[in-house]
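Q: This is the structure I have questions about; it appears just below.
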Amino acid sequence: MKQDLRQIKQKLFQIYYQNLNDKQKEAVFLVKGPLLVIAGAGSGKTTVLVNRISHLIEFGNAYYSQKEISASAEEIAVLRNFCDHPEICTREILKPILLSFADDACPAYHILAITFTNKAAGEMKERLRKQLGDRADEIWAGTFHSVCVRLLRQFASYTQYGSNFLIYDQEDCKRIIAAKMKEMEIDTPELTAKYVMNQISNAKNALLSPKEYESKVQNSSKGKVVAEIFKSYQEALLDANAMDFDDLIAETVKLLRDNSEPLTWCQHKFRYLLVDEYQDTNRAQYQLLKLIAQGHGNIMAVGDDDQSIYKFRGAAVENILNFDQNFADTKVVFLEQNYRSTKNIIEAANAVIAHNETRRGKKLWCAQENGQKVMLRNLEDQEKEAIYIAEHISEAVMRGKHRYKDFAVLYRTRAQSNALETIFTKSGVPHRLLAGMRFYEHAEVKDIIAYLRAIACPDNLACLLRVINVPKRGLGETAIKKATDLAEAQGKSFFEIICDCTSYRELSRNSSSFLAFTKLILSLREYAEDHLPSEIVHEVIDKSGYMDTLLGDENEERRKNVNELISSARFYEERSEAPNLEGFLEEIALVSDVDNYDRESDAVVLMTIHAAKGLEFPVVFLPGVEENLFPSAQSVMRLSDLEEERRLFYVAMTRAKEELYISFCKRRLLFGKTNSNRVSRFVEELPDAYVDAEYIASKERSLSDGYYFGQSDFQEFAMPRFSQAKGSNFSQFRQKDVSFQRAGSSSVTAAATPPTSKKSEVFRPGERVTHRIFGDGTILSAKSYGSDTLYEIRFDKAGEKKLMATYANLQKAK
DNA sequence: ATGGGGCTGCTTTTT
DNA sequence: GCAGCCCCAT
């Protein structure tokens, strides 16, 4: 009987979550102990995370609980009846019953959910709020960095830092490193600030202190120099009471590793851990999770080893590959059903990623129809490629098949966006370029923020130095050097010294400039005491003289960005209970970008593949799929790098829901040089069965100079693009590609012989014709354009169109 | 102290 | 092809 009741309980939970598939349910029900969820692209992992959290809060371990359940025979009969008739079970009916099975339900404030982006955290909170109401706000949901900041401020007394420490971004850090290197007179050309910064970041990810790092690199002269820079860099940060992004994690690990009180606090506070995008965690982040999960072991990691594309930033794929070794008694659930894409796309992506050796091994499947094959296209150069994409989009929009916002163009490097943007603008295709530059990285924005920081903490040298001569106040390098030297010698802060500059003979020459600056900062600080952040920004621009640098037509973009900053301050003020400058600065330190991807606006999206991770689009274009570009030239030397490129390609492919267009060029202008690259090896890995390799090499008649009309005409001259598909299969395409390689760049066009396009038949007004895409129609007019003819045709279904005869490929209607 | 001119060197970047 | 850096002339 008991056994029976347990089965009934489980069956009822199965019904309650009938919108999830079996694997997803498994990931929701297995709440105790370590769980690894390998979630393929488009497999509904956010749904799983959200449902798991609300399940934890409402039912705890109810599903697998061995807890005694008491029920009368009557009650059991009722429940059994529900089991037999799932169709009558609404969630409202089931919920009170299931609540009576709850075991060890977990209050929301005992749950820690970690994501990688603020956006992901926001989306998760949003969905949780829908399911749980206000309770959702008690969940600790945030990025690794924001969670660490919270802990570090709370337990600052255990660290070397004050609780109001600053967070330096990469640019701040690079400046400091570059300055230190200059100071140390390092002139080894291969030791760039960038390289050193990377080394230091790696060391911090490996939780090495400057000292430990030094002893590790004893037998490398380069390493020894880096160790020196690392040491003085770390001292500079500590002096300024500042941490870089890597410190936020590493310092938290140290805090919990070396102090039992904060550790115990965390372990009691966070009874359940959930980590999203686990494949992107680094070694320090793993250590952090390990520390917190120690004891209860309730950690759930969701991720996809095949989508690990941030190794260059320190992500350790091993974390997800070895999760079951790192956490004892791990259960693993594979989410392999893809709800996003059609079969051809999924199968093609599966085939490509199967070439990777270092992976768990997973095969996506989908219940959707085959859909269109993956379209492959070869073009002359990046401009023709961009025109091809623009045209295709225009035509599809014109035919009413898609809207602009259904399209995404994803590329490997940002440099590729130029050609695309230019052509899109010329041809009137509405588009938005994503992440051109991150908002908070614009110099004008950073300048103003530095002012704000200088106001909030006038003893912070870096902020003062950034703004002391912006706009120009006649305080150059030498004047500043004198003041910093004095500060050091006197054991006073830089700000104190320059306030008191009349007392020092060395500073007398610049004393009026120094005083003007200190007066400015002091008055701004006074102003800040009783004004809102947005007002302070205004005041800063007004009183500092920064306004002058924003005037004029050429500075429109800068003005826009400053206004954007003011808007974000206002936005912060609206949401915050007690808005103040410190709060605003805290918020923007960990938010790199105003999330400006507006799904609603009807425009084609252009972005890097990295930026597209996690997103999906009905139609995806992947331009520039060529050797040396994708995979990038630097990545082909090492297998692990090449495999990361393949994962990137896999991520790109799996963004597409319905249609995927891959293209590559015969010639490509990159870094001011024209190259001829072979088609990417990844394309060769696509099985013929899923690919439509229409190969219209130099038959870019449509793309020849004569074709390209101005903005408004452009969309009118539609033409079928895939009319030559018959008879050109993929293998054939490969052969042609080889011959092109041998021919060299001079005879590119010659080697790539187009399929012969026979001269079109001539039609007269009134005649019935058939078009491959638009179907049957009647010719309205025929005008001669040089050697070609422009038809006006009224199609029965597609409406009136203007088409050029040679491109339209019209047939006499039957 | 500052601005212009030549030189280099270049992926990807959730925080 | 262009941005960011360094050096030199003002």
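Residues are named by chain letter and number: chains run A, B, ... in the order of the structure tokens, numbers start at 1 in each chain, and ligands are numbered from 1 in the order shown.
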Report as an MDAnalysis selection string all protein, DNA and RNA residues lying within 10 Å of Ile176 in chain A, evaluated on only C-alpha atoms (C1' of nucleotides), omitting residues in the same chain fewer than 2 positions from it.

A: chainID A and resid 170:174 178:182 193 197 229 232:234 236:237 462

Q: Check which residues of chain A sit at most 9 Å from chain C using only C-alpha atoms (C1' of nucleotides), and return one row each with the closest pair of atoms and their distance in Å to one decimal, ordered by chain and rising number, as JSON lines.

A:
{"residue": "A:Leu670", "atom": "CA", "partner": "C:DG1", "partner_atom": "C1'", "distance": 8.3}
{"residue": "A:Phe671", "atom": "CA", "partner": "C:DG1", "partner_atom": "C1'", "distance": 6.0}
{"residue": "A:Gly672", "atom": "CA", "partner": "C:DG1", "partner_atom": "C1'", "distance": 5.1}
{"residue": "A:Lys673", "atom": "CA", "partner": "C:DG1", "partner_atom": "C1'", "distance": 8.8}

Q: Take the selection from the previous step and output its residues with all heavy atoms, as a PDB file, in the first residue's frame.

A:
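Final output, saved to out-v1.pdb:
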ATOM      1  N   LEU A 670      41.260  41.788 -45.531  1.00  0.00           N
ATOM      2  CA  LEU A 670      41.349  41.739 -44.088  1.00  0.00           C
ATOM      3  C   LEU A 670      42.640  42.422 -43.661  1.00  0.00           C
ATOM      4  O   LEU A 670      43.708  42.139 -44.207  1.00  0.00           O
ATOM      5  CB  LEU A 670      41.320  40.280 -43.617  1.00  0.00           C
ATOM      6  CG  LEU A 670      40.960  40.094 -42.151  1.00  0.00           C
ATOM      7  CD1 LEU A 670      39.525  40.475 -41.874  1.00  0.00           C
ATOM      8  CD2 LEU A 670      41.218  38.652 -41.724  1.00  0.00           C
ATOM      9  N   PHE A 671      42.556  43.312 -42.720  1.00  0.00           N
ATOM     10  CA  PHE A 671      43.717  44.076 -42.268  1.00  0.00           C
ATOM     11  C   PHE A 671      44.389  44.764 -43.444  1.00  0.00           C
ATOM     12  O   PHE A 671      45.614  44.805 -43.552  1.00  0.00           O
ATOM     13  CB  PHE A 671      44.720  43.172 -41.563  1.00  0.00           C
ATOM     14  CG  PHE A 671      44.151  42.497 -40.356  1.00  0.00           C
ATOM     15  CD1 PHE A 671      44.486  41.186 -40.070  1.00  0.00           C
ATOM     16  CD2 PHE A 671      43.270  43.164 -39.513  1.00  0.00           C
ATOM     17  CE1 PHE A 671      43.958  40.555 -38.958  1.00  0.00           C
ATOM     18  CE2 PHE A 671      42.740  42.537 -38.406  1.00  0.00           C
ATOM     19  CZ  PHE A 671      43.076  41.233 -38.116  1.00  0.00           C
ATOM     20  N   GLY A 672      43.594  45.266 -44.356  1.00  0.00           N
ATOM     21  CA  GLY A 672      44.129  46.025 -45.465  1.00  0.00           C
ATOM     22  C   GLY A 672      44.821  45.197 -46.540  1.00  0.00           C
ATOM     23  O   GLY A 672      45.444  45.745 -47.432  1.00  0.00           O
ATOM     24  N   LYS A 673      44.696  43.865 -46.406  1.00  0.00           N
ATOM     25  CA  LYS A 673      45.317  43.016 -47.419  1.00  0.00           C
ATOM     26  C   LYS A 673      44.276  42.054 -47.974  1.00  0.00           C
ATOM     27  O   LYS A 673      43.431  41.567 -47.242  1.00  0.00           O
ATOM     28  CB  LYS A 673      46.471  42.214 -46.805  1.00  0.00           C
ATOM     29  CG  LYS A 673      47.820  42.648 -47.316  1.00  0.00           C
ATOM     30  CD  LYS A 673      48.981  41.895 -46.673  1.00  0.00           C
ATOM     31  CE  LYS A 673      48.824  40.400 -46.544  1.00  0.00           C
ATOM     32  NZ  LYS A 673      49.758  39.853 -45.533  1.00  0.00           N
TER      33      LYS A 673
END

Q: Could you give me, as CSV, a per-residue list for chain A showing, wherever an atom lies at most 9 Å from an atom of chain B, the closest pair of atoms and their distance in Å to one decimal, using only C-alpha atoms (C1' of nucleotides) and sorting by chain then residue number from low to high?

A:
residue,atom,partner,partner_atom,distance
A:Thr115,CA,B:DT14,C1',9.0
A:Phe116,CA,B:DT14,C1',5.4
A:Thr117,CA,B:DT14,C1',4.8
A:Asn118,CA,B:DT14,C1',8.1
A:Lys119,CA,B:DT14,C1',8.8
A:Thr143,CA,B:DT15,C1',7.9
A:Phe144,CA,B:DT15,C1',8.0
A:His145,CA,B:DT15,C1',6.2
A:Ser146,CA,B:DT15,C1',8.6
A:Asp169,CA,B:DT15,C1',8.8
A:Phe245,CA,B:DT15,C1',6.3
A:Asp246,CA,B:DT15,C1',8.7
A:Ile309,CA,B:DT12,C1',8.3
A:Tyr310,CA,B:DT12,C1',7.9
A:Phe312,CA,B:DT12,C1',7.9
A:Arg313,CA,B:DT13,C1',7.2
A:Arg412,CA,B:DT12,C1',7.2
A:Thr413,CA,B:DT11,C1',6.2
A:Arg414,CA,B:DT11,C1',8.7
A:Gly474,CA,B:DA1,C1',6.4
A:Leu475,CA,B:DA1,C1',7.7
A:Gly476,CA,B:DA1,C1',6.0
A:Glu477,CA,B:DA1,C1',8.4
A:Leu590,CA,B:DT15,C1',6.4
A:Val591,CA,B:DT15,C1',7.8
A:Ser592,CA,B:DT15,C1',7.5
A:Thr608,CA,B:DT12,C1',8.1
A:Ile609,CA,B:DT12,C1',8.3
A:His610,CA,B:DT12,C1',6.6
A:Ala611,CA,B:DT14,C1',8.4
A:Leu629,CA,B:DT11,C1',8.7
A:Ser632,CA,B:DT11,C1',7.0
A:Gln634,CA,B:DT11,C1',8.1
A:Phe671,CA,B:DC10,C1',7.6

Q: Record the distance separating CA of Lys130 in chain A and CA of Pro96 in chain A, expressed in Å with one decimal.

A: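 These two atoms are separated by 18.6 Å.
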
Q: Can you measure CA of Arg175 in chain A to CA of Ala443 in chain A for me? One decimal in Å is fine.

A: 13.5 Å

Q: Can you measure CA of Pro623 in chain A to CA of Gly40 in chain A for me? One decimal in Å is fine.

A: 24.0 Å

Q: Please list as an NGL selection string every residue within 12 Å of Gln160 in chain A, counting only C-alpha atoms (C1' of nucleotides) and excluding residues in the same chain fewer than 6 positions away.

A: :A and (152-153 or 234-235 or 237-243 or 251-252 or 254-255)

Q: As a ChimeraX atom specification, list the residues of range 246-471 of chain A assigned to helix (DSSP H, G or I) by DSSP on the backbone atoms of this structure.

A: /A:246-258,260-269,278-280,283-293,305-307,311-313,317-321,323-326,343-353,382-398,404-406,414-426,439-441,443-456,461-467

Q: Given only C-alpha atoms as the basis, pick out the residue of A:Val275, A:Ala301, A:Ala390, A:Val374 nearest to Thr425 in chain A.

A: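 Looking only at the distances to Thr425 in chain A, the closest residue turns out to be A:Ala390.
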
Q: For range 508-518 of chain A, list every protein, DNA or RNA residue within 12 Å, evaluated using only C-alpha atoms (C1' of nucleotides), and leave out those in the same chain fewer than 3 positions away; present the list as a PDB file with N, CA, C and O atoms (P, O5', C5', C4', C3', O3' and C1' of nucleotides), in the first residue's frame.

A:
ATOM      1  N   TYR A 451      35.032  60.888 -12.902  1.00  0.00           N
ATOM      2  CA  TYR A 451      34.686  62.054 -12.085  1.00  0.00           C
ATOM      3  C   TYR A 451      33.817  61.635 -10.905  1.00  0.00           C
ATOM      4  O   TYR A 451      34.041  62.031  -9.765  1.00  0.00           O
ATOM      5  N   ALA A 454      35.820  59.885  -8.452  1.00  0.00           N
ATOM      6  CA  ALA A 454      36.724  60.815  -7.768  1.00  0.00           C
ATOM      7  C   ALA A 454      35.966  61.605  -6.705  1.00  0.00           C
ATOM      8  O   ALA A 454      36.505  61.923  -5.647  1.00  0.00           O
ATOM      9  N   ILE A 455      34.693  61.871  -7.009  1.00  0.00           N
ATOM     10  CA  ILE A 455      33.875  62.574  -6.032  1.00  0.00           C
ATOM     11  C   ILE A 455      33.585  61.655  -4.844  1.00  0.00           C
ATOM     12  O   ILE A 455      33.684  62.049  -3.689  1.00  0.00           O
ATOM     13  N   PRO A 458      37.783  60.511  -3.022  1.00  0.00           N
ATOM     14  CA  PRO A 458      38.825  61.426  -3.506  1.00  0.00           C
ATOM     15  C   PRO A 458      40.237  60.921  -3.241  1.00  0.00           C
ATOM     16  O   PRO A 458      41.192  61.472  -3.784  1.00  0.00           O
ATOM     17  N   ASP A 459      40.356  59.881  -2.420  1.00  0.00           N
ATOM     18  CA  ASP A 459      41.698  59.376  -2.182  1.00  0.00           C
ATOM     19  C   ASP A 459      42.105  58.347  -3.210  1.00  0.00           C
ATOM     20  O   ASP A 459      43.211  57.825  -3.169  1.00  0.00           O
ATOM     21  N   LEU A 464      41.380  60.057  -9.869  1.00  0.00           N
ATOM     22  CA  LEU A 464      41.844  61.442  -9.937  1.00  0.00           C
ATOM     23  C   LEU A 464      42.738  61.651 -11.145  1.00  0.00           C
ATOM     24  O   LEU A 464      42.610  62.630 -11.870  1.00  0.00           O
ATOM     25  N   LEU A 465      43.646  60.706 -11.361  1.00  0.00           N
ATOM     26  CA  LEU A 465      44.583  60.868 -12.462  1.00  0.00           C
ATOM     27  C   LEU A 465      43.894  60.830 -13.809  1.00  0.00           C
ATOM     28  O   LEU A 465      44.322  61.472 -14.751  1.00  0.00           O
ATOM     29  N   VAL A 467      41.015  62.067 -14.534  1.00  0.00           N
ATOM     30  CA  VAL A 467      40.259  63.281 -14.848  1.00  0.00           C
ATOM     31  C   VAL A 467      41.028  64.576 -14.575  1.00  0.00           C
ATOM     32  O   VAL A 467      40.575  65.642 -14.954  1.00  0.00           O
ATOM     33  N   ILE A 468      42.191  64.469 -13.942  1.00  0.00           N
ATOM     34  CA  ILE A 468      42.860  65.700 -13.506  1.00  0.00           C
ATOM     35  C   ILE A 468      43.185  66.616 -14.683  1.00  0.00           C
ATOM     36  O   ILE A 468      43.197  67.841 -14.543  1.00  0.00           O
ATOM     37  N   ASN A 469      43.382  66.010 -15.857  1.00  0.00           N
ATOM     38  CA  ASN A 469      43.699  66.834 -17.018  1.00  0.00           C
ATOM     39  C   ASN A 469      42.695  66.649 -18.148  1.00  0.00           C
ATOM     40  O   ASN A 469      43.026  66.753 -19.323  1.00  0.00           O
ATOM     41  N   VAL A 470      41.455  66.297 -17.775  1.00  0.00           N
ATOM     42  CA  VAL A 470      40.397  66.123 -18.761  1.00  0.00           C
ATOM     43  C   VAL A 470      39.196  66.945 -18.334  1.00  0.00           C
ATOM     44  O   VAL A 470      38.566  66.626 -17.335  1.00  0.00           O
ATOM     45  N   PRO A 471      38.817  68.019 -18.983  1.00  0.00           N
ATOM     46  CA  PRO A 471      39.541  68.577 -20.129  1.00  0.00           C
ATOM     47  C   PRO A 471      40.888  69.180 -19.705  1.00  0.00           C
ATOM     48  O   PRO A 471      41.159  69.288 -18.515  1.00  0.00           O
ATOM     49  N   LYS A 472      41.675  69.556 -20.679  1.00  0.00           N
ATOM     50  CA  LYS A 472      43.040  70.029 -20.434  1.00  0.00           C
ATOM     51  C   LYS A 472      43.055  71.197 -19.446  1.00  0.00           C
ATOM     52  O   LYS A 472      42.326  72.159 -19.599  1.00  0.00           O
ATOM     53  N   ARG A 473      43.886  71.026 -18.430  1.00  0.00           N
ATOM     54  CA  ARG A 473      44.012  72.102 -17.444  1.00  0.00           C
ATOM     55  C   ARG A 473      45.474  72.480 -17.255  1.00  0.00           C
ATOM     56  O   ARG A 473      45.835  73.080 -16.248  1.00  0.00           O
ATOM     57  N   GLY A 474      46.290  72.031 -18.159  1.00  0.00           N
ATOM     58  CA  GLY A 474      47.710  72.338 -18.028  1.00  0.00           C
ATOM     59  C   GLY A 474      48.395  71.529 -16.943  1.00  0.00           C
ATOM     60  O   GLY A 474      49.410  71.948 -16.388  1.00  0.00           O
ATOM     61  N   LEU A 475      47.822  70.379 -16.622  1.00  0.00           N
ATOM     62  CA  LEU A 475      48.449  69.511 -15.630  1.00  0.00           C
ATOM     63  C   LEU A 475      48.929  68.246 -16.332  1.00  0.00           C
ATOM     64  O   LEU A 475      48.202  67.257 -16.434  1.00  0.00           O
ATOM     65  N   GLY A 476      50.130  68.304 -16.828  1.00  0.00           N
ATOM     66  CA  GLY A 476      50.668  67.201 -17.614  1.00  0.00           C
ATOM     67  C   GLY A 476      51.444  66.229 -16.773  1.00  0.00           C
ATOM     68  O   GLY A 476      51.442  66.278 -15.533  1.00  0.00           O
ATOM     69  N   GLU A 477      52.140  65.358 -17.463  1.00  0.00           N
ATOM     70  CA  GLU A 477      52.841  64.259 -16.821  1.00  0.00           C
ATOM     71  C   GLU A 477      53.816  64.710 -15.740  1.00  0.00           C
ATOM     72  O   GLU A 477      53.819  64.166 -14.639  1.00  0.00           O
ATOM     73  N   THR A 478      54.612  65.708 -16.078  1.00  0.00           N
ATOM     74  CA  THR A 478      55.654  66.107 -15.121  1.00  0.00           C
ATOM     75  C   THR A 478      55.070  66.701 -13.840  1.00  0.00           C
ATOM     76  O   THR A 478      55.520  66.375 -12.744  1.00  0.00           O
ATOM     77  N   ALA A 479      54.052  67.527 -13.996  1.00  0.00           N
ATOM     78  CA  ALA A 479      53.431  68.119 -12.815  1.00  0.00           C
ATOM     79  C   ALA A 479      52.858  67.039 -11.910  1.00  0.00           C
ATOM     80  O   ALA A 479      53.011  67.072 -10.687  1.00  0.00           O
ATOM     81  N   ILE A 480      52.214  66.063 -12.538  1.00  0.00           N
ATOM     82  CA  ILE A 480      51.597  64.988 -11.771  1.00  0.00           C
ATOM     83  C   ILE A 480      52.656  64.128 -11.092  1.00  0.00           C
ATOM     84  O   ILE A 480      52.518  63.735  -9.930  1.00  0.00           O
ATOM     85  N   LYS A 482      55.548  65.042 -10.081  1.00  0.00           N
ATOM     86  CA  LYS A 482      56.059  65.766  -8.907  1.00  0.00           C
ATOM     87  C   LYS A 482      55.130  65.581  -7.715  1.00  0.00           C
ATOM     88  O   LYS A 482      55.583  65.336  -6.588  1.00  0.00           O
ATOM     89  N   ALA A 483      53.822  65.698  -7.978  1.00  0.00           N
ATOM     90  CA  ALA A 483      52.860  65.596  -6.883  1.00  0.00           C
ATOM     91  C   ALA A 483      52.799  64.181  -6.316  1.00  0.00           C
ATOM     92  O   ALA A 483      52.737  63.991  -5.096  1.00  0.00           O
ATOM     93  N   PHE A 494      47.601  61.796  -2.447  1.00  0.00           N
ATOM     94  CA  PHE A 494      47.813  62.696  -3.576  1.00  0.00           C
ATOM     95  C   PHE A 494      46.904  63.917  -3.473  1.00  0.00           C
ATOM     96  O   PHE A 494      47.335  65.055  -3.688  1.00  0.00           O
ATOM     97  N   PHE A 495      45.670  63.669  -3.089  1.00  0.00           N
ATOM     98  CA  PHE A 495      44.703  64.762  -3.021  1.00  0.00           C
ATOM     99  C   PHE A 495      45.097  65.784  -1.944  1.00  0.00           C
ATOM    100  O   PHE A 495      45.020  66.990  -2.165  1.00  0.00           O
ATOM    101  N   GLU A 496      45.550  65.270  -0.809  1.00  0.00           N
ATOM    102  CA  GLU A 496      46.008  66.168   0.256  1.00  0.00           C
ATOM    103  C   GLU A 496      47.136  67.073  -0.233  1.00  0.00           C
ATOM    104  O   GLU A 496      47.154  68.281   0.014  1.00  0.00           O
ATOM    105  N   ILE A 497      48.075  66.447  -0.920  1.00  0.00           N
ATOM    106  CA  ILE A 497      49.229  67.199  -1.406  1.00  0.00           C
ATOM    107  C   ILE A 497      48.808  68.327  -2.338  1.00  0.00           C
ATOM    108  O   ILE A 497      49.232  69.474  -2.183  1.00  0.00           O
ATOM    109  N   ILE A 498      47.924  67.987  -3.318  1.00  0.00           N
ATOM    110  CA  ILE A 498      47.601  69.037  -4.282  1.00  0.00           C
ATOM    111  C   ILE A 498      46.669  70.096  -3.680  1.00  0.00           C
ATOM    112  O   ILE A 498      46.640  71.230  -4.143  1.00  0.00           O
ATOM    113  N   CYS A 499      45.904  69.739  -2.639  1.00  0.00           N
ATOM    114  CA  CYS A 499      45.107  70.760  -1.936  1.00  0.00           C
ATOM    115  C   CYS A 499      46.040  71.791  -1.291  1.00  0.00           C
ATOM    116  O   CYS A 499      45.723  72.970  -1.184  1.00  0.00           O
ATOM    117  N   ASP A 500      47.178  71.245  -0.877  1.00  0.00           N
ATOM    118  CA  ASP A 500      48.124  72.056  -0.118  1.00  0.00           C
ATOM    119  C   ASP A 500      49.323  72.448  -0.980  1.00  0.00           C
ATOM    120  O   ASP A 500      50.436  72.617  -0.500  1.00  0.00           O
ATOM    121  N   CYS A 501      49.103  72.576  -2.291  1.00  0.00           N
ATOM    122  CA  CYS A 501      50.227  72.704  -3.218  1.00  0.00           C
ATOM    123  C   CYS A 501      51.021  74.002  -3.028  1.00  0.00           C
ATOM    124  O   CYS A 501      52.197  74.067  -3.395  1.00  0.00           O
ATOM    125  N   THR A 502      50.389  75.012  -2.443  1.00  0.00           N
ATOM    126  CA  THR A 502      51.131  76.267  -2.246  1.00  0.00           C
ATOM    127  C   THR A 502      52.263  76.095  -1.246  1.00  0.00           C
ATOM    128  O   THR A 502      53.194  76.895  -1.209  1.00  0.00           O
ATOM    129  N   SER A 503      52.175  75.028  -0.412  1.00  0.00           N
ATOM    130  CA  SER A 503      53.229  74.803   0.578  1.00  0.00           C
ATOM    131  C   SER A 503      54.480  74.149  -0.018  1.00  0.00           C
ATOM    132  O   SER A 503      55.473  73.990   0.673  1.00  0.00           O
ATOM    133  N   TYR A 504      54.378  73.691  -1.249  1.00  0.00           N
ATOM    134  CA  TYR A 504      55.520  72.979  -1.844  1.00  0.00           C
ATOM    135  C   TYR A 504      56.071  73.764  -3.024  1.00  0.00           C
ATOM    136  O   TYR A 504      55.350  74.097  -3.958  1.00  0.00           O
ATOM    137  N   ARG A 505      57.346  74.048  -2.944  1.00  0.00           N
ATOM    138  CA  ARG A 505      57.997  74.836  -3.962  1.00  0.00           C
ATOM    139  C   ARG A 505      57.920  74.124  -5.324  1.00  0.00           C
ATOM    140  O   ARG A 505      57.723  74.743  -6.358  1.00  0.00           O
ATOM    141  N   ILE A 521      36.655  69.543  -7.475  1.00  0.00           N
ATOM    142  CA  ILE A 521      36.281  68.263  -6.862  1.00  0.00           C
ATOM    143  C   ILE A 521      35.544  68.488  -5.537  1.00  0.00           C
ATOM    144  O   ILE A 521      34.515  67.857  -5.270  1.00  0.00           O
ATOM    145  N   LEU A 522      36.054  69.421  -4.731  1.00  0.00           N
ATOM    146  CA  LEU A 522      35.413  69.665  -3.435  1.00  0.00           C
ATOM    147  C   LEU A 522      34.002  70.215  -3.598  1.00  0.00           C
ATOM    148  O   LEU A 522      33.080  69.794  -2.901  1.00  0.00           O
ATOM    149  N   SER A 523      33.843  71.105  -4.563  1.00  0.00           N
ATOM    150  CA  SER A 523      32.502  71.668  -4.742  1.00  0.00           C
ATOM    151  C   SER A 523      31.555  70.605  -5.297  1.00  0.00           C
ATOM    152  O   SER A 523      30.386  70.545  -4.929  1.00  0.00           O
ATOM    153  N   LEU A 524      32.088  69.740  -6.168  1.00  0.00           N
ATOM    154  CA  LEU A 524      31.246  68.670  -6.697  1.00  0.00           C
ATOM    155  C   LEU A 524      30.864  67.698  -5.589  1.00  0.00           C
ATOM    156  O   LEU A 524      29.754  67.184  -5.544  1.00  0.00           O
ATOM    157  N   ARG A 525      31.801  67.480  -4.671  1.00  0.00           N
ATOM    158  CA  ARG A 525      31.515  66.549  -3.596  1.00  0.00           C
ATOM    159  C   ARG A 525      30.403  67.102  -2.693  1.00  0.00           C
ATOM    160  O   ARG A 525      29.538  66.381  -2.231  1.00  0.00           O
ATOM    161  N   LYS A 543      30.355  71.980 -14.657  1.00  0.00           N
ATOM    162  CA  LYS A 543      31.379  72.690 -13.900  1.00  0.00           C
ATOM    163  C   LYS A 543      32.813  72.323 -14.286  1.00  0.00           C
ATOM    164  O   LYS A 543      33.737  73.080 -14.054  1.00  0.00           O
ATOM    165  N   SER A 544      32.987  71.136 -14.845  1.00  0.00           N
ATOM    166  CA  SER A 544      34.353  70.700 -15.143  1.00  0.00           C
ATOM    167  C   SER A 544      34.861  71.267 -16.460  1.00  0.00           C
ATOM    168  O   SER A 544      36.049  71.203 -16.756  1.00  0.00           O
ATOM    169  N   GLY A 545      33.945  71.810 -17.254  1.00  0.00           N
ATOM    170  CA  GLY A 545      34.355  72.266 -18.563  1.00  0.00           C
ATOM    171  C   GLY A 545      34.334  71.136 -19.578  1.00  0.00           C
ATOM    172  O   GLY A 545      34.757  71.305 -20.723  1.00  0.00           O
TER     173      GLY A 545
ATOM    174  P    DA B   1      54.052  69.703 -18.107  1.00  0.00           P
ATOM    175  O5'  DA B   1      53.271  70.384 -19.312  1.00  0.00           O
ATOM    176  C5'  DA B   1      52.351  71.421 -19.045  1.00  0.00           C
ATOM    177  C4'  DA B   1      51.487  71.577 -20.242  1.00  0.00           C
ATOM    178  C3'  DA B   1      50.552  70.411 -20.518  1.00  0.00           C
ATOM    179  O3'  DA B   1      49.375  70.969 -21.065  1.00  0.00           O
ATOM    180  C1'  DA B   1      52.099  70.620 -22.312  1.00  0.00           C
TER     181       DA B   1
END

Q: Contacts of Ser568 in chain A at 10 Å or less, counting only C-alpha atoms (C1' of nucleotides), minus same-chain residues fewer than 3 places along, as a list in words?

A: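 Counting only C-alpha atoms (C1' of nucleotides), the residues come to Pro533, Ser534, Val562, Asn563, Glu564, Leu565, Phe571, Tyr572, Glu573, Glu574, Phe584, Ile588 and Val594 of chain A.
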